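Structure file run.cif; described as mmCIF, N, CA and C atoms.
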data_coords
loop_
_atom_site.label_atom_id
_atom_site.label_comp_id
_atom_site.auth_asym_id
_atom_site.auth_seq_id
_atom_site.Cartn_x
_atom_site.Cartn_y
_atom_site.Cartn_z
N MET T 149 8.77 -10.15 21.69
CA MET T 149 8.53 -9.13 20.69
C MET T 149 8.11 -9.80 19.39
N ALA T 150 7.02 -9.38 18.84
CA ALA T 150 6.50 -9.95 17.60
C ALA T 150 7.35 -9.51 16.41
N ASP T 151 7.42 -10.37 15.41
CA ASP T 151 8.13 -10.06 14.17
C ASP T 151 7.13 -9.45 13.20
N LEU T 152 7.13 -8.11 13.09
CA LEU T 152 6.19 -7.40 12.24
C LEU T 152 6.88 -6.98 10.95
N ARG T 153 6.24 -7.30 9.83
CA ARG T 153 6.74 -6.88 8.52
C ARG T 153 5.83 -5.77 8.00
N ARG T 154 6.40 -4.61 7.72
CA ARG T 154 5.63 -3.47 7.23
C ARG T 154 5.98 -3.22 5.78
N SER T 155 4.96 -3.01 4.97
CA SER T 155 5.16 -2.70 3.55
C SER T 155 4.40 -1.43 3.21
N THR T 156 5.09 -0.47 2.58
CA THR T 156 4.43 0.77 2.19
C THR T 156 3.80 0.65 0.81
N ARG T 157 3.78 -0.57 0.28
CA ARG T 157 3.06 -0.86 -0.97
C ARG T 157 2.19 -2.09 -0.73
N TRP T 158 0.92 -1.98 -1.15
CA TRP T 158 -0.01 -3.09 -0.98
C TRP T 158 -1.21 -2.86 -1.90
N ALA T 159 -1.65 -3.89 -2.56
CA ALA T 159 -2.87 -3.87 -3.38
C ALA T 159 -2.88 -2.72 -4.38
N GLY T 160 -1.70 -2.39 -4.91
CA GLY T 160 -1.61 -1.29 -5.86
C GLY T 160 -1.50 0.08 -5.22
N LEU T 161 -1.48 0.13 -3.89
CA LEU T 161 -1.38 1.40 -3.16
C LEU T 161 0.06 1.69 -2.78
N ARG T 162 0.34 2.97 -2.66
CA ARG T 162 1.60 3.46 -2.12
C ARG T 162 1.28 4.41 -0.98
N ARG T 163 2.24 4.59 -0.11
CA ARG T 163 2.05 5.49 1.03
C ARG T 163 1.50 6.84 0.54
N GLY T 164 0.42 7.31 1.18
CA GLY T 164 -0.19 8.59 0.85
C GLY T 164 -1.36 8.50 -0.10
N ASP T 165 -1.59 7.32 -0.72
CA ASP T 165 -2.73 7.17 -1.63
C ASP T 165 -4.05 7.24 -0.85
N PRO T 166 -5.05 7.92 -1.39
CA PRO T 166 -6.34 8.00 -0.70
C PRO T 166 -7.08 6.66 -0.76
N VAL T 167 -7.79 6.35 0.31
CA VAL T 167 -8.61 5.13 0.39
C VAL T 167 -9.90 5.47 1.13
N GLN T 168 -10.88 4.61 0.96
CA GLN T 168 -12.09 4.66 1.78
C GLN T 168 -11.97 3.55 2.81
N VAL T 169 -12.50 3.80 4.00
CA VAL T 169 -12.51 2.79 5.05
C VAL T 169 -13.95 2.54 5.45
N GLU T 170 -14.38 1.30 5.34
CA GLU T 170 -15.75 0.93 5.70
C GLU T 170 -15.83 0.62 7.19
N GLY T 171 -16.89 1.09 7.81
CA GLY T 171 -17.17 0.73 9.19
C GLY T 171 -16.59 1.66 10.25
N THR T 172 -16.18 2.87 9.88
CA THR T 172 -15.62 3.77 10.88
C THR T 172 -16.68 4.63 11.57
N ARG T 173 -17.83 4.77 10.94
CA ARG T 173 -18.92 5.61 11.46
C ARG T 173 -18.55 7.08 11.55
N LEU T 174 -17.52 7.48 10.80
CA LEU T 174 -17.13 8.89 10.76
C LEU T 174 -17.54 9.47 9.42
N ARG T 175 -18.56 10.29 9.42
CA ARG T 175 -18.99 10.93 8.17
C ARG T 175 -17.99 11.99 7.75
N GLY T 176 -17.72 12.04 6.46
CA GLY T 176 -16.83 13.05 5.92
C GLY T 176 -15.36 12.82 6.21
N ALA T 177 -15.02 11.65 6.73
CA ALA T 177 -13.62 11.36 7.03
C ALA T 177 -12.86 11.07 5.74
N SER T 178 -11.59 11.43 5.73
CA SER T 178 -10.74 11.08 4.60
C SER T 178 -9.51 10.35 5.15
N TRP T 179 -9.05 9.37 4.38
CA TRP T 179 -7.97 8.49 4.84
C TRP T 179 -6.92 8.34 3.75
N GLU T 180 -5.67 8.15 4.19
CA GLU T 180 -4.56 7.86 3.29
C GLU T 180 -3.86 6.60 3.77
N PHE T 181 -3.47 5.77 2.81
CA PHE T 181 -2.76 4.54 3.10
C PHE T 181 -1.37 4.86 3.68
N VAL T 182 -0.99 4.10 4.72
CA VAL T 182 0.35 4.23 5.32
C VAL T 182 1.15 2.96 5.09
N ALA T 183 0.62 1.81 5.54
CA ALA T 183 1.38 0.56 5.43
C ALA T 183 0.47 -0.65 5.61
N HIS T 184 0.89 -1.75 5.03
CA HIS T 184 0.28 -3.06 5.25
C HIS T 184 1.22 -3.79 6.20
N VAL T 185 0.69 -4.35 7.29
CA VAL T 185 1.53 -4.96 8.31
C VAL T 185 1.14 -6.42 8.48
N THR T 186 2.15 -7.28 8.58
CA THR T 186 1.94 -8.71 8.81
C THR T 186 2.73 -9.13 10.04
N ASN T 187 2.06 -9.81 10.96
CA ASN T 187 2.74 -10.43 12.11
C ASN T 187 3.20 -11.79 11.64
N SER T 188 4.50 -11.97 11.49
CA SER T 188 5.06 -13.21 10.95
C SER T 188 4.80 -14.42 11.84
N GLU T 189 4.66 -14.19 13.12
CA GLU T 189 4.43 -15.30 14.05
C GLU T 189 3.01 -15.83 13.98
N THR T 190 2.01 -14.94 13.84
CA THR T 190 0.61 -15.36 13.88
C THR T 190 -0.06 -15.37 12.52
N GLY T 191 0.55 -14.68 11.53
CA GLY T 191 -0.08 -14.56 10.21
C GLY T 191 -1.14 -13.48 10.15
N GLU T 192 -1.37 -12.80 11.26
CA GLU T 192 -2.38 -11.73 11.31
C GLU T 192 -1.91 -10.55 10.46
N THR T 193 -2.87 -9.91 9.75
CA THR T 193 -2.54 -8.74 8.93
C THR T 193 -3.49 -7.61 9.23
N TRP T 194 -3.02 -6.39 9.01
CA TRP T 194 -3.84 -5.21 9.13
C TRP T 194 -3.24 -4.11 8.27
N VAL T 195 -4.02 -3.05 8.08
CA VAL T 195 -3.57 -1.93 7.26
C VAL T 195 -3.62 -0.67 8.12
N GLU T 196 -2.53 0.09 8.08
CA GLU T 196 -2.48 1.36 8.79
C GLU T 196 -2.84 2.48 7.83
N VAL T 197 -3.67 3.39 8.30
CA VAL T 197 -4.06 4.58 7.53
C VAL T 197 -3.92 5.79 8.44
N VAL T 198 -3.87 6.96 7.83
CA VAL T 198 -3.83 8.20 8.59
C VAL T 198 -4.97 9.09 8.09
N GLY T 199 -5.57 9.84 9.01
CA GLY T 199 -6.64 10.74 8.61
C GLY T 199 -7.74 10.80 9.63
N GLY T 200 -8.95 10.96 9.13
CA GLY T 200 -10.12 11.11 9.98
C GLY T 200 -10.93 12.29 9.50
N ARG T 201 -11.57 12.96 10.42
CA ARG T 201 -12.32 14.16 10.07
C ARG T 201 -11.37 15.28 9.69
N THR T 202 -11.90 16.34 9.12
CA THR T 202 -11.08 17.46 8.67
C THR T 202 -10.14 17.93 9.77
N GLY T 203 -8.86 18.01 9.42
CA GLY T 203 -7.85 18.46 10.37
C GLY T 203 -7.29 17.38 11.26
N ASP T 204 -7.86 16.19 11.25
CA ASP T 204 -7.40 15.09 12.09
C ASP T 204 -6.39 14.26 11.31
N HIS T 205 -5.28 13.91 11.95
CA HIS T 205 -4.26 13.09 11.31
C HIS T 205 -3.94 11.87 12.19
N SER T 206 -4.96 11.23 12.70
CA SER T 206 -4.78 10.06 13.54
C SER T 206 -4.35 8.86 12.71
N VAL T 207 -3.45 8.06 13.26
CA VAL T 207 -3.08 6.80 12.63
C VAL T 207 -3.97 5.72 13.22
N ARG T 208 -4.63 4.98 12.34
CA ARG T 208 -5.54 3.91 12.77
C ARG T 208 -5.23 2.65 11.99
N SER T 209 -5.60 1.52 12.54
CA SER T 209 -5.40 0.23 11.89
C SER T 209 -6.75 -0.42 11.62
N PHE T 210 -6.87 -1.03 10.43
CA PHE T 210 -8.10 -1.69 10.03
C PHE T 210 -7.78 -3.03 9.37
N ARG T 211 -8.77 -3.89 9.34
CA ARG T 211 -8.64 -5.15 8.59
C ARG T 211 -8.50 -4.81 7.11
N PRO T 212 -7.73 -5.58 6.36
CA PRO T 212 -7.58 -5.31 4.92
C PRO T 212 -8.89 -5.28 4.16
N ASP T 213 -9.88 -6.08 4.56
CA ASP T 213 -11.15 -6.12 3.84
C ASP T 213 -12.02 -4.89 4.07
N GLN T 214 -11.58 -3.96 4.92
CA GLN T 214 -12.32 -2.72 5.17
C GLN T 214 -11.88 -1.59 4.25
N LEU T 215 -10.81 -1.78 3.48
CA LEU T 215 -10.29 -0.72 2.61
C LEU T 215 -10.79 -0.84 1.19
N TYR T 216 -11.18 0.31 0.63
CA TYR T 216 -11.72 0.38 -0.72
C TYR T 216 -11.04 1.50 -1.49
N ALA T 217 -11.05 1.38 -2.80
CA ALA T 217 -10.56 2.44 -3.67
C ALA T 217 -11.43 3.68 -3.45
N PRO T 218 -10.89 4.87 -3.71
CA PRO T 218 -11.67 6.10 -3.49
C PRO T 218 -12.96 6.16 -4.30
N SER T 219 -12.98 5.53 -5.47
CA SER T 219 -14.17 5.57 -6.33
C SER T 219 -15.13 4.41 -6.10
N ALA T 220 -14.77 3.49 -5.20
CA ALA T 220 -15.59 2.30 -4.96
C ALA T 220 -16.84 2.63 -4.14
N ARG T 221 -17.81 1.73 -4.23
CA ARG T 221 -19.02 1.82 -3.40
C ARG T 221 -18.98 0.65 -2.42
N PRO T 222 -18.50 0.89 -1.19
CA PRO T 222 -18.43 -0.20 -0.21
C PRO T 222 -19.78 -0.90 -0.08
N GLY T 223 -19.72 -2.20 -0.04
CA GLY T 223 -20.94 -3.00 0.03
C GLY T 223 -21.42 -3.45 -1.33
N HIS T 224 -21.01 -2.75 -2.39
CA HIS T 224 -21.36 -3.11 -3.76
C HIS T 224 -20.13 -3.54 -4.55
N ASP T 225 -19.04 -2.81 -4.41
CA ASP T 225 -17.79 -3.11 -5.10
C ASP T 225 -16.88 -3.91 -4.17
N PRO T 226 -15.96 -4.67 -4.74
CA PRO T 226 -15.04 -5.45 -3.90
C PRO T 226 -14.03 -4.54 -3.18
N SER T 227 -13.58 -5.00 -2.03
CA SER T 227 -12.57 -4.26 -1.28
C SER T 227 -11.21 -4.41 -1.98
N LEU T 228 -10.25 -3.63 -1.56
CA LEU T 228 -8.90 -3.75 -2.11
C LEU T 228 -8.27 -5.09 -1.76
N ASP T 229 -8.70 -5.69 -0.66
CA ASP T 229 -8.22 -7.01 -0.28
C ASP T 229 -8.72 -8.07 -1.26
N ASP T 230 -9.97 -7.93 -1.72
CA ASP T 230 -10.56 -8.88 -2.66
C ASP T 230 -10.16 -8.62 -4.10
N ALA T 231 -9.98 -7.37 -4.47
CA ALA T 231 -9.65 -7.00 -5.85
C ALA T 231 -8.61 -5.89 -5.83
N PRO T 232 -7.35 -6.26 -5.58
CA PRO T 232 -6.32 -5.22 -5.52
C PRO T 232 -6.13 -4.52 -6.84
N GLY T 233 -5.76 -3.25 -6.76
CA GLY T 233 -5.43 -2.50 -7.97
C GLY T 233 -4.07 -2.92 -8.49
N LEU T 234 -3.80 -2.63 -9.71
CA LEU T 234 -2.51 -2.98 -10.29
C LEU T 234 -1.61 -1.77 -10.33
N ALA T 235 -0.35 -2.00 -10.02
CA ALA T 235 0.64 -0.93 -10.06
C ALA T 235 0.77 -0.45 -11.51
N LEU T 236 0.99 0.83 -11.69
CA LEU T 236 1.08 1.41 -13.02
C LEU T 236 2.52 1.54 -13.49
N GLU T 237 3.38 0.69 -13.03
CA GLU T 237 4.79 0.75 -13.42
C GLU T 237 5.06 -0.13 -14.61
#
Full structure transcribed into structure tokens:
Amino acid sequence: MADLRRSTRWAGLRRGDPVQVEGTRLRGASWEFVAHVTNSETGETWVEVVGGRTGDHSVRSFRPDQLYAPSARPGHDPSLDDAPGLALE
């Protein structure tokens, strides 16, 4: 059994915050951050999000470099992995 560490805060995000996901090929999809996960044994990381097309609440996992702020322009602006937002606390 792998040792997985889940965090509901990552790159300035909290569970439920809206994000853009690059490379899904789903037009009009909306996504919300769920958790950042690290496999302690391998060092592998991924981000879990929930959403999809209207009415869909699928949980999906993506590489951290595929997530962008809602106002970002993927391909032009840095991803949340490259330029995390700062917590407002």
Any idea what's packed within 6 Å of range 164-172 of chain T, counting only N, CA and C atoms, ignoring anything in its chain fewer than 4 positions away? Could you give it as an MDAnalysis selection string?
chainID T and resid 179:182 214:218
Once the PyMOL selection byres ((chain T and resi 205-213) around 7) has been evaluated on this model, what residues remain selected, and can you format them as a count of residues only? 20
- Message: I'd like to know which residues of chain T are strand (DSSP E) (by DSSP, run on the backbone); could you write them as a PyMOL selection string?
- Response: chain T and resi 152-155+157-158+161-162+166-169+178-187+193-200+206-210+215-216
Here CA of Pro222 in chain T and CA of Arg175 in chain T stand apart by 13.9 Å
Name the residues captured by the PyMOL selection byres (((chain T and resi 150 and name CA) around 12) and name CA) when it is applied to the shown file; answer as a list in words.
Met149, Asp151, Leu152, Arg153, Val185, Thr186, Asn187, Ser188, Glu189, Thr190, Gly191 and Glu192 of chain T
Between CA of Arg154 in chain T and CA of Asp225 in chain T lies a distance of 26.5 Å
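The spacing separating atom C of Ser155 in chain T from CA of Pro226 in chain T amounts to 21.1 Å.
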Centre and size of axis-aligned box enclosing range 208-212 of chain T plus 4 Å each side, as AutoDock Vina command-line options:
--center_x -6.8 --center_y -0.3 --center_z 8.5 --size_x 12.3 --size_y 18.6 --size_z 16.6
>> Using only N, CA and C atoms, which protein or nucleic acid residues come within 7 Å of Trp158 in chain T? Drop anything in the same chain fewer than 2 positions from it, and give the result as a PyMOL selection string.
In response: chain T and resi 155-156+160-163+183-184+232-233
Export of the given selection (N, CA and C atoms) as an mmCIF file, in the frame of the given file:
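Output (out.cif):
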data_model
loop_
_atom_site.group_PDB
_atom_site.id
_atom_site.type_symbol
_atom_site.label_atom_id
_atom_site.label_comp_id
_atom_site.auth_asym_id
_atom_site.auth_seq_id
_atom_site.Cartn_x
_atom_site.Cartn_y
_atom_site.Cartn_z
ATOM 1 N N SER T 155 4.960 -3.010 4.970
ATOM 2 C CA SER T 155 5.160 -2.700 3.550
ATOM 3 C C SER T 155 4.400 -1.430 3.210
ATOM 4 N N THR T 156 5.090 -0.470 2.580
ATOM 5 C CA THR T 156 4.430 0.770 2.190
ATOM 6 C C THR T 156 3.800 0.650 0.810
ATOM 7 N N GLY T 160 -1.700 -2.390 -4.910
ATOM 8 C CA GLY T 160 -1.610 -1.290 -5.860
ATOM 9 C C GLY T 160 -1.500 0.080 -5.220
ATOM 10 N N LEU T 161 -1.480 0.130 -3.890
ATOM 11 C CA LEU T 161 -1.380 1.400 -3.160
ATOM 12 C C LEU T 161 0.060 1.690 -2.780
ATOM 13 N N ARG T 162 0.340 2.970 -2.660
ATOM 14 C CA ARG T 162 1.600 3.460 -2.120
ATOM 15 C C ARG T 162 1.280 4.410 -0.980
ATOM 16 N N ARG T 163 2.240 4.590 -0.110
ATOM 17 C CA ARG T 163 2.050 5.490 1.030
ATOM 18 C C ARG T 163 1.500 6.840 0.540
ATOM 19 N N ALA T 183 0.620 1.810 5.540
ATOM 20 C CA ALA T 183 1.380 0.560 5.430
ATOM 21 C C ALA T 183 0.470 -0.650 5.610
ATOM 22 N N HIS T 184 0.890 -1.750 5.030
ATOM 23 C CA HIS T 184 0.280 -3.060 5.250
ATOM 24 C C HIS T 184 1.220 -3.790 6.200
ATOM 25 N N PRO T 232 -7.350 -6.260 -5.580
ATOM 26 C CA PRO T 232 -6.320 -5.220 -5.520
ATOM 27 C C PRO T 232 -6.130 -4.520 -6.840
ATOM 28 N N GLY T 233 -5.760 -3.250 -6.760
ATOM 29 C CA GLY T 233 -5.430 -2.500 -7.970
ATOM 30 C C GLY T 233 -4.070 -2.920 -8.490
#
